[in-house]
Structure formats: structure tokens, C-alpha cells
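Here's the structure, in C-alpha cells; my notes come after.
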Amino acid sequence: MNVPPSSDDRGGAAQPLLIVRDLKKHFPAKGSFWSLSRDTVQAVDGVSFSVAKGQTVGVVGESGCGKSTTARLLLHLIEPDAGEVIFDGEGVGAPGGIGVRELRLQMQMVFQDSYSSLNPRATIADIIAFGPRTAKKVPAKQAHERAERLLDQVGLHPSLFARRYPHELSGGQRQRINIARALALEPRLLILDEAVSALDKSVEAQILNLLADLRRDLGLTYLFISHDLNVVRHVSDRVVVMYLGRIVEAGDVGGIFRRPSHPYTQALLRAMPSMDPDRRTDASLLTGDPPNPINPPSGCRFRTRCAFAEEVCARVPPALEDIAGGHQVACHMMVPGSGHSRAGTICAGHD
Amino acid sequence: MTETPAVDVENLVVRFRQRDRTIHAVNGVSFRLARGEVLGILGESGSGKTVTLRSLMRLLPHNCAIGGRVALDGEDVTAASESRLEELRGNRIAMIFQEPATALDPVFTIGQQITETLVRHLDIGRRAARRHALDWLERVQIPSARRRLDAYPHEMSGGMRQRAMIALALSCNPTVLLADEPTTALDVTVQIQILLLLRELQRELGMAVVFVTHDVGAAAEVSDRLAVMYAGRFVEMGTARDVLRKRAHPYTEGLLAANLHGVEPGSRLVTIPGAPPNLAALPPGCSFAPRCPYALPQCVETMPAPVICGDDHVARCVRAEERIKLAA
């Protein structure tokens, strides 16, 4: 039997579990039949962030911002064009680092669509046992016993569910199966890509509680991708805000929600309904839809919808700069001497 | 002196007959809506909110039986003939859907679709109808409206299509607009624009709107009154303020907590245990009783009568009064 790679903490507590540097993926866009032009969708364009051990990092953004592509690139479900992924101090695919197969044993993913991500012809127990049996050569009997323990752990009674098929379960139950399947390989990092978005609110709350319990009990680290700002605020320690393939702001959840500094983050938070009929939103800070990621604007990608855009914004893409204790913003207004007339006049956003 | 309500629904019952069972989708819904009023119907999947909405327009499949009475502007829809319904639909009563991509016809331009509706319902010619259609695209704030008139639905972005569908629905000045999760498929920053637009047009035209959603936030943005639906019944109805603040029914309380409304980040969420009841075999008593942390023995036996909790605030819960006092 192959010895599975040790899932011990190798780099120590201070070593971030995941470091992503300058990740890029450009897809060729489908042009019209006769056109010879080669447009590209710059789905992910220079994304860098890190995830500390035991943390939950939330990634938010609207459709087309590249949050799901980023998740798939991390697991090499699609190959990145450029960039570096370092898992617990070891470069993925780098000489002396760890390979993709090994990485996938330690990093697993839960997808949004709980139905299409399960094999409809396999029983629940087989689905959960499949990973350990193939990737870790665990004998069938042991793998099944473990599958039953996992079912119990995600709140489903093994004797009721082990022999059933995915179509017999509700959406919430299926998502529990997906979580159990992801945990079967004993990963250290779980990527949750809109994992609760398709569920009814009352079911979503149950799954969020389950995820919190599992994180505590198993010492997991989460990368939580969602478009739902309320959920991200609830679960995250750190938040990364993406817009058209780039990170525009990142920081502690408190800092991002109390003092959003990038004009896009501000607009995004202002667009959240208040749930209070006496404090209704009276105006939208943004007009129109997010632009097409095919051939995005030059310089700062948000400039076409930004109320403060100036000439420098079209010319120079703003770098993600630290403005205060790990709160990073990519906006010329935050950098003194950037050439923007408001540069340095604004201190860390509005309350 | 009382004005005829724009929508008057009395004891609406909808059943779907299947081969070996009957689905009790809507089980006695009653409400009145004045002109210019917005009612938000809040509920989870399978609560019967969409079926309620569709039965107002009688847009339901043939295997269903509708009971009770639905009147629009005093006219009984339940008794109306098919040809009369065709006259009403799209004219005095209009509907917008969650997925404009499927609700709009892909082989006609936006302009053709609006023009067709106008010619069908109003006594005007094509040329005038096209001018009218252009007006409407401008009113729903579609940029370069003249060009968009000749665009096909697939050539527009999601937010733009939703605006086009609103223009199509409102083009004949309906008295009642039925909105079925119109902002659910949209991004947050687009969603708020559509909600603001709907609110503005609703006020301008003085329409009555029934807005069905699972999203408490969206409902709170547009509704004057809110109804919370569970297993085919309104379990609580009142002004948006009362329902969101006083939450007399335990299900309302659970639903709001699950929406992370006023919940401390990172804290353990109070969840509703179990799952909604099987609509083919509803329990005899309160449908929520099996999941309710406050249930009394009598809750399981008989369906509680509506309890008046305040001006225009009703909840179907035996403990509603006690709960409101406790909350205050």
C-alpha cells in the first residue's frame, strides 16, 4: 500500500497554508465565424493572495470577476497560463515541490451544483469511498467504514443514507454528501465554490453551521467563494474582493465591511439591501452591468464605472498596496504621488 | 366608501392532481391589495408563492384545480373565459419573471415584442406602437434605446434584458404587476438598480404589485406589506415594518435568522430543524408545528386561526400575542 503523503503541518503555524502569486489565465474568446481577430477573455489576470492556516478567506465579486476560475486554477482543474501556487511552503509543480496529484489530496473542492457533481449511478457510500480507494489505495471495506463515519460527521444517518442514490436526496442532503466526499481524502484546505448559494436560506444556515463545526473539529482551512456578501461577512476572517479578473481590495472582514476603501467595494456594499424598510437604499452608486471580460478596459479595470476616474487610471493599472495592517487596496486614490488628483487625500474609506 | 381593491383574493386553493397523489400547493390564501400598494410574498422553494402568483393570472397547467375567488379590479378572474383572460393578460395584469432570457422570445427583437403587445391590446397602429416602445425602453433606462429596439434578447446583458422585460410588461399600463423573483438571477449591483427602477415605476404608474421572492433583503426594499408563506398558507402578513421587526410567527423568526438578519458574524446560526412538510400529505394541525420550537399540544391537532397582532398584522400562530408581548 502506498504511504499517503503526510498531512502534517510541515511549514509551521506561521507559514501560510496557501500562497498564490500572480496567477493568470486568459481564454481565447469565440469570435464570429469570419473574424480573424483573436480576442481573449482575461478571466484571471495577476491574482495574488495568501491563506493562513485555520483561516477562512472569503472571495467575493460579481459574475465574470474570475472567482470560480481562480478556484479551478488552484486545483489545476484548468491549467494556469502563469503564476505560482505554494502549498504549505512547497511550490506546486516546482522542482523539489509537490505535484498536482499530491496537492489534490490536501486541497479539495465543493461545487455549487450539488446534483451534477455526484455520480447518479453510484450509491452515497460508493461516492464517498471512491476517492480514498483510488487515490490512496484504501481497501474497499475500510473505505466504506470510513464513508459511514463521514456520513455521521456531516449529520446524515449512515444506515439511512449509505445505500441511497443522489436523486433520492434533497439539495441540502446532497450538499452534505459533497462535503463528506471532499473530506474523505482528509484534505487540509477546502475550496467552497458557491457551495451554499443554490440552497434555501433555512438549509443554507444548517450547512453554514456544519462547515463551522467541521472547521473547528478537523482544523480545516477554507477558501469560501460566494457572491452573497451577508454569508461572506458571516463566515470569513479575511475577504478578497475581485473585479474583472483582478483583486481590487483585500483585508480583515471587519476592515472591509466597516471601512471599504476601493470605490468598487464601496458600491458593492452599498448595493446590499438593508433589510429595514426605514433605511431603504435610495440610489445606486453604479449604473449598468459589469463590463464584458473580453478586452477589458486599460489601466484600472473599474475606471469605466468609477465616479472618480481620471487620466492616470486609464494609463496605469493600480497595484495592490497595503494601506493599513494587511488591508490592501488597488486604487490610485490611495497612493500619494500616483498622479490622481485625490491621491492621499482619502484615508481608508467611509464609515 | 370603499374603493374596489386592485387584487382581491379569497380563500385561494390550488391542487395538482398527479397519478397517485394530490399536491396541496396553496391551501387557503386570502389578501386584498389596493391600487398603488406593493405586497411582498416571502417564502422558500415549495412554499406555494409562485403558484399563488400564477393563479392570479390563471397561468397554471391543466392538471390543477383552482378553488376560491380571485378578482382583479372587481372582475372575477376565476370565472373568466379563456378569450377574456387573453385580453387581460399583458394588458391589465402583467408579469415579469426571474429569467428574462427564457421569458423573452429569442427570434424577435425587443422592439417587435413590445410593438406586438401594444398592437394587440391598445387600438393603435404599428408606427405609433413602435414610438411607444421606444418611449418605454427610455423609461426603463436602457442606454441607446433606439438601437436596442432592434436588438435580439441574446445581444443584451442580463440586467438589460430584465429592463427590457419590465418595459414589455408595463407597456400597456397594467393595473397589477406580478413579479416572480425578478432580481434573483442578477448580480448585487444590478439587482439594486432593478429594485430602484421597479419602485420608481410603481409609484409613477400607481400599480399594485405582487412581488414574490425568497430574498428578505429584496422584499424589504420594495414592499409596503409582507406576507410570509409556508406550506401553501400565509403564516404571517402585515406591514413590512411589523413583519420584519415583530415577527409574530416562529417561522418568520427562523427565516429572518437564516437570512443572517442582525446576526453576529461568526456566531452559531439558529436554524429551523427538519424539512418542510410533504405537500401530498399535510399534517392536520399547523404545518410548521413539527419543526416549531414553541409548539403546544394543540398545534398538532388543529390549524390555528389567524390571530390579529395589530393594525393590519395577522399571524397564524396560537402563541402570536404572547410572542409579540415578549418581543416588545
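Ordered as shown in the C-alpha cells, chains take letters A, B, and onward, while each chain numbers its residues from 1 and ligands are numbered from 1 in the order shown.
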
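With the cut-off set to 7 Å and only C-alpha atoms counted, chain B residues close to chain A are Glu44, Ser45, Gly159, Asp187, Val188, Thr189, Val190, Ile192, Gln193, Val216, Gly217, Ala218, Ala220, Glu221, Ala240, Arg241, Leu255, Ala258, Asn259, Leu260, Pro265, Gly266, Arg268, Leu269, Thr271 and Ile272 of chain B.
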
Could you write those residues out with N, CA and C atoms, as a compact mmCIF listing (two decimals), in the first residue's frame?
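Output file out06.txt is given in full below:
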```txt
# COMPACT_ATOMS: atom_id res chain seq x y z
N GLU B 44 -39.81 29.99 0.90
CA GLU B 44 -38.74 29.16 0.35
C GLU B 44 -39.30 28.31 -0.78
N SER B 45 -38.43 27.51 -1.43
CA SER B 45 -38.94 26.72 -2.55
C SER B 45 -40.02 25.76 -2.06
N GLY B 159 -28.87 42.30 -16.99
CA GLY B 159 -29.58 43.44 -16.40
C GLY B 159 -30.41 44.16 -17.44
N ASP B 187 -26.66 40.06 -10.47
CA ASP B 187 -25.61 40.44 -9.53
C ASP B 187 -26.10 41.53 -8.60
N VAL B 188 -25.48 41.62 -7.41
CA VAL B 188 -25.93 42.58 -6.39
C VAL B 188 -26.05 44.02 -6.91
N THR B 189 -25.03 44.46 -7.65
CA THR B 189 -25.06 45.87 -8.04
C THR B 189 -26.11 46.11 -9.12
N VAL B 190 -26.47 45.07 -9.87
CA VAL B 190 -27.51 45.19 -10.88
C VAL B 190 -28.88 45.04 -10.21
N ILE B 192 -29.87 45.95 -7.27
CA ILE B 192 -30.36 47.16 -6.60
C ILE B 192 -30.88 48.16 -7.63
N GLN B 193 -30.23 48.21 -8.81
CA GLN B 193 -30.71 49.12 -9.86
C GLN B 193 -32.11 48.72 -10.32
N VAL B 216 -35.19 38.14 1.62
CA VAL B 216 -35.77 39.11 2.55
C VAL B 216 -35.31 40.53 2.20
N GLY B 217 -34.05 40.66 1.82
CA GLY B 217 -33.49 41.97 1.50
C GLY B 217 -34.25 42.63 0.36
N ALA B 218 -34.45 41.90 -0.72
CA ALA B 218 -35.15 42.45 -1.88
C ALA B 218 -36.59 42.80 -1.50
N ALA B 220 -37.77 43.63 1.44
CA ALA B 220 -37.80 44.80 2.32
C ALA B 220 -37.58 46.08 1.53
N GLU B 221 -36.85 45.99 0.41
CA GLU B 221 -36.58 47.19 -0.39
C GLU B 221 -37.82 47.71 -1.10
N ALA B 240 -44.50 45.80 6.12
CA ALA B 240 -43.14 45.28 6.06
C ALA B 240 -42.44 45.53 7.40
N ARG B 241 -42.70 46.70 7.96
CA ARG B 241 -42.07 47.08 9.23
C ARG B 241 -42.45 46.10 10.34
N LEU B 255 -36.78 32.21 9.50
CA LEU B 255 -36.39 32.62 8.15
C LEU B 255 -35.49 33.86 8.20
N ALA B 258 -32.07 32.92 9.40
CA ALA B 258 -31.33 32.22 8.36
C ALA B 258 -30.84 33.18 7.29
N ASN B 259 -31.48 34.33 7.15
CA ASN B 259 -31.02 35.34 6.20
C ASN B 259 -29.92 36.19 6.81
N LEU B 260 -29.44 35.79 7.97
CA LEU B 260 -28.34 36.47 8.66
C LEU B 260 -28.73 37.91 8.96
N PRO B 265 -21.54 38.19 13.27
CA PRO B 265 -20.70 37.39 12.37
C PRO B 265 -19.96 36.28 13.11
N GLY B 266 -19.90 35.13 12.50
CA GLY B 266 -19.17 34.01 13.07
C GLY B 266 -19.94 33.24 14.14
N ARG B 268 -23.00 31.05 15.99
CA ARG B 268 -23.75 29.90 15.56
C ARG B 268 -25.14 30.36 15.12
N LEU B 269 -25.59 29.87 13.96
CA LEU B 269 -26.88 30.31 13.44
C LEU B 269 -28.00 29.49 14.06
N THR B 271 -31.06 27.63 13.49
CA THR B 271 -31.64 27.09 12.27
C THR B 271 -33.01 26.49 12.56
N ILE B 272 -33.78 26.32 11.50
CA ILE B 272 -35.05 25.64 11.61
C ILE B 272 -34.74 24.16 11.40
```

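Closest approach to B:Leu59 among B:Ala231, B:Leu178, B:Ala133, B:Met156: B:Leu178, based on only C-alpha atoms.
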
Spatial neighbours of stretch 153-166 of chain A, max dist 6 Å, only C-alpha atoms, sep filter under 3 positions, as a list in words: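 Once the adjacent positions are removed, what remains is Pro120, Thr123, Ile124, Ala125, Glu148, Leu150, Leu169 and Arg176 of chain A.
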
File of the preceding selection, N, CA and C atoms, as a PDB file, in the first residue's frame:
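selection-v8.pdb was written with the following content:
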```pdb
ATOM      1  N   PRO A 120     -24.658   9.883 -10.613  1.00  0.00           N
ATOM      2  CA  PRO A 120     -26.036   9.468 -10.360  1.00  0.00           C
ATOM      3  C   PRO A 120     -26.209   7.958 -10.243  1.00  0.00           C
ATOM      4  N   THR A 123     -23.985   4.630  -5.316  1.00  0.00           N
ATOM      5  CA  THR A 123     -24.627   4.890  -4.029  1.00  0.00           C
ATOM      6  C   THR A 123     -23.795   5.916  -3.272  1.00  0.00           C
ATOM      7  N   ILE A 124     -24.437   6.511  -2.258  1.00  0.00           N
ATOM      8  CA  ILE A 124     -23.762   7.538  -1.479  1.00  0.00           C
ATOM      9  C   ILE A 124     -22.451   7.004  -0.885  1.00  0.00           C
ATOM     10  N   ALA A 125     -22.495   5.780  -0.336  1.00  0.00           N
ATOM     11  CA  ALA A 125     -21.285   5.224   0.283  1.00  0.00           C
ATOM     12  C   ALA A 125     -20.184   5.037  -0.758  1.00  0.00           C
ATOM     13  N   GLU A 148     -19.004   5.727   6.163  1.00  0.00           N
ATOM     14  CA  GLU A 148     -20.122   5.777   7.107  1.00  0.00           C
ATOM     15  C   GLU A 148     -19.836   6.730   8.258  1.00  0.00           C
ATOM     16  N   LEU A 150     -17.977   9.332   7.993  1.00  0.00           N
ATOM     17  CA  LEU A 150     -18.086  10.675   7.428  1.00  0.00           C
ATOM     18  C   LEU A 150     -19.540  11.112   7.303  1.00  0.00           C
ATOM     19  N   LEU A 169     -32.165  12.290  -2.657  1.00  0.00           N
ATOM     20  CA  LEU A 169     -31.897  13.219  -1.562  1.00  0.00           C
ATOM     21  C   LEU A 169     -32.312  14.644  -1.920  1.00  0.00           C
ATOM     22  N   ARG A 176     -24.405  18.000   1.749  1.00  0.00           N
ATOM     23  CA  ARG A 176     -23.694  17.333   2.852  1.00  0.00           C
ATOM     24  C   ARG A 176     -22.851  16.176   2.305  1.00  0.00           C
TER      25      ARG A 176
END
```

Please identify which residues in stretch 64-305 of chain A DSSP calls alpha helix (DSSP H) from the backbone, and express them as a PyMOL selection string. chain A and resi 67-74+100-106+124-135+140-153+158-161+171-183+201-218+229-235+253-258+263-270

Let's have the selection written as a tab-separated table (two decimals), in the first residue's frame, with C-alpha atoms.
```
chain	number	residue	atom	x	y	z
A	67	LYS	CA	-13.56	33.94	-8.62
A	68	SER	CA	-14.55	30.48	-9.82
A	69	THR	CA	-11.76	30.38	-12.39
A	70	THR	CA	-9.32	31.15	-9.59
A	71	ALA	CA	-10.64	28.17	-7.62
A	72	ARG	CA	-10.28	25.85	-10.59
A	73	LEU	CA	-6.76	27.12	-11.31
A	74	LEU	CA	-5.69	26.38	-7.74
A	100	VAL	CA	-0.65	18.19	-8.65
A	101	ARG	CA	-1.87	14.75	-7.52
A	102	GLU	CA	-0.39	15.26	-4.11
A	103	LEU	CA	-1.85	18.75	-3.93
A	104	ARG	CA	-5.33	17.41	-4.66
A	105	LEU	CA	-5.09	15.07	-1.71
A	106	GLN	CA	-4.65	18.10	0.50
A	124	ILE	CA	-23.76	7.54	-1.48
A	125	ALA	CA	-21.28	5.22	0.28
A	126	ASP	CA	-19.55	4.38	-3.01
A	127	ILE	CA	-19.31	8.05	-3.92
A	128	ILE	CA	-17.61	8.92	-0.65
A	129	ALA	CA	-15.36	5.83	-0.66
A	130	PHE	CA	-14.25	6.29	-4.29
A	131	GLY	CA	-11.57	8.92	-3.60
A	132	PRO	CA	-9.71	7.05	-0.85
A	133	ARG	CA	-9.95	3.77	-2.79
A	134	THR	CA	-8.44	5.15	-5.99
A	135	ALA	CA	-6.12	7.89	-4.78
A	140	ALA	CA	-12.87	-1.30	-0.02
A	141	LYS	CA	-14.08	-2.42	3.38
A	142	GLN	CA	-12.07	0.20	5.23
A	143	ALA	CA	-13.06	2.91	2.78
A	144	HIS	CA	-16.73	2.06	3.30
A	145	GLU	CA	-16.43	2.10	7.04
A	146	ARG	CA	-14.81	5.48	6.79
A	147	ALA	CA	-17.56	6.68	4.46
A	148	GLU	CA	-20.12	5.78	7.11
A	149	ARG	CA	-18.22	7.68	9.76
A	150	LEU	CA	-18.09	10.68	7.43
A	151	LEU	CA	-21.83	10.49	6.80
A	152	ASP	CA	-22.36	10.63	10.52
A	153	GLN	CA	-19.99	13.58	10.75
A	158	PRO	CA	-25.33	6.10	7.77
A	159	SER	CA	-27.93	3.33	7.96
A	160	LEU	CA	-30.48	5.58	6.22
A	161	PHE	CA	-28.25	7.12	3.58
A	171	GLY	CA	-30.43	19.66	-2.16
A	172	GLY	CA	-29.21	20.20	1.38
A	173	GLN	CA	-28.56	16.48	1.92
A	174	ARG	CA	-26.70	16.27	-1.39
A	175	GLN	CA	-24.51	19.17	-0.40
A	176	ARG	CA	-23.69	17.33	2.85
A	177	ILE	CA	-22.64	14.34	0.70
A	178	ASN	CA	-20.42	16.61	-1.38
A	179	ILE	CA	-18.78	17.87	1.79
A	180	ALA	CA	-18.28	14.32	3.07
A	181	ARG	CA	-16.80	13.29	-0.27
A	182	ALA	CA	-14.38	16.24	-0.17
A	183	LEU	CA	-13.36	15.34	3.39
A	201	LYS	CA	-32.00	30.03	3.28
A	202	SER	CA	-33.01	27.75	6.15
A	203	VAL	CA	-30.97	24.89	4.67
A	204	GLU	CA	-28.08	27.22	3.96
A	205	ALA	CA	-27.94	28.14	7.65
A	206	GLN	CA	-27.71	24.45	8.59
A	207	ILE	CA	-24.83	23.89	6.14
A	208	LEU	CA	-23.01	27.01	7.39
A	209	ASN	CA	-23.21	25.66	10.95
A	210	LEU	CA	-21.94	22.28	9.76
A	211	LEU	CA	-18.99	23.91	7.98
A	212	ALA	CA	-18.13	25.87	11.13
A	213	ASP	CA	-18.19	22.66	13.22
A	214	LEU	CA	-16.02	20.76	10.73
A	215	ARG	CA	-13.50	23.57	10.57
A	216	ARG	CA	-13.18	23.58	14.34
A	217	ASP	CA	-13.12	19.79	14.78
A	218	LEU	CA	-10.79	18.94	11.89
A	229	LEU	CA	-21.96	39.38	0.92
A	230	ASN	CA	-24.01	38.55	4.01
A	231	VAL	CA	-22.73	34.99	4.02
A	232	VAL	CA	-19.14	36.03	3.37
A	233	ARG	CA	-19.28	38.52	6.23
A	234	HIS	CA	-20.60	35.78	8.48
A	235	VAL	CA	-18.01	33.09	7.75
A	253	VAL	CA	-13.51	41.08	7.34
A	254	GLY	CA	-14.10	43.89	9.85
A	255	GLY	CA	-11.95	46.35	7.92
A	256	ILE	CA	-13.53	45.54	4.56
A	257	PHE	CA	-17.10	45.85	5.79
A	258	ARG	CA	-16.57	48.85	8.09
A	263	PRO	CA	-14.78	52.63	-4.94
A	264	TYR	CA	-15.98	49.24	-6.22
A	265	THR	CA	-16.09	47.67	-2.77
A	266	GLN	CA	-17.98	50.72	-1.55
A	267	ALA	CA	-20.52	50.40	-4.35
A	268	LEU	CA	-20.86	46.66	-3.77
A	269	LEU	CA	-21.57	47.10	-0.06
A	270	ARG	CA	-23.95	49.99	-0.68
```
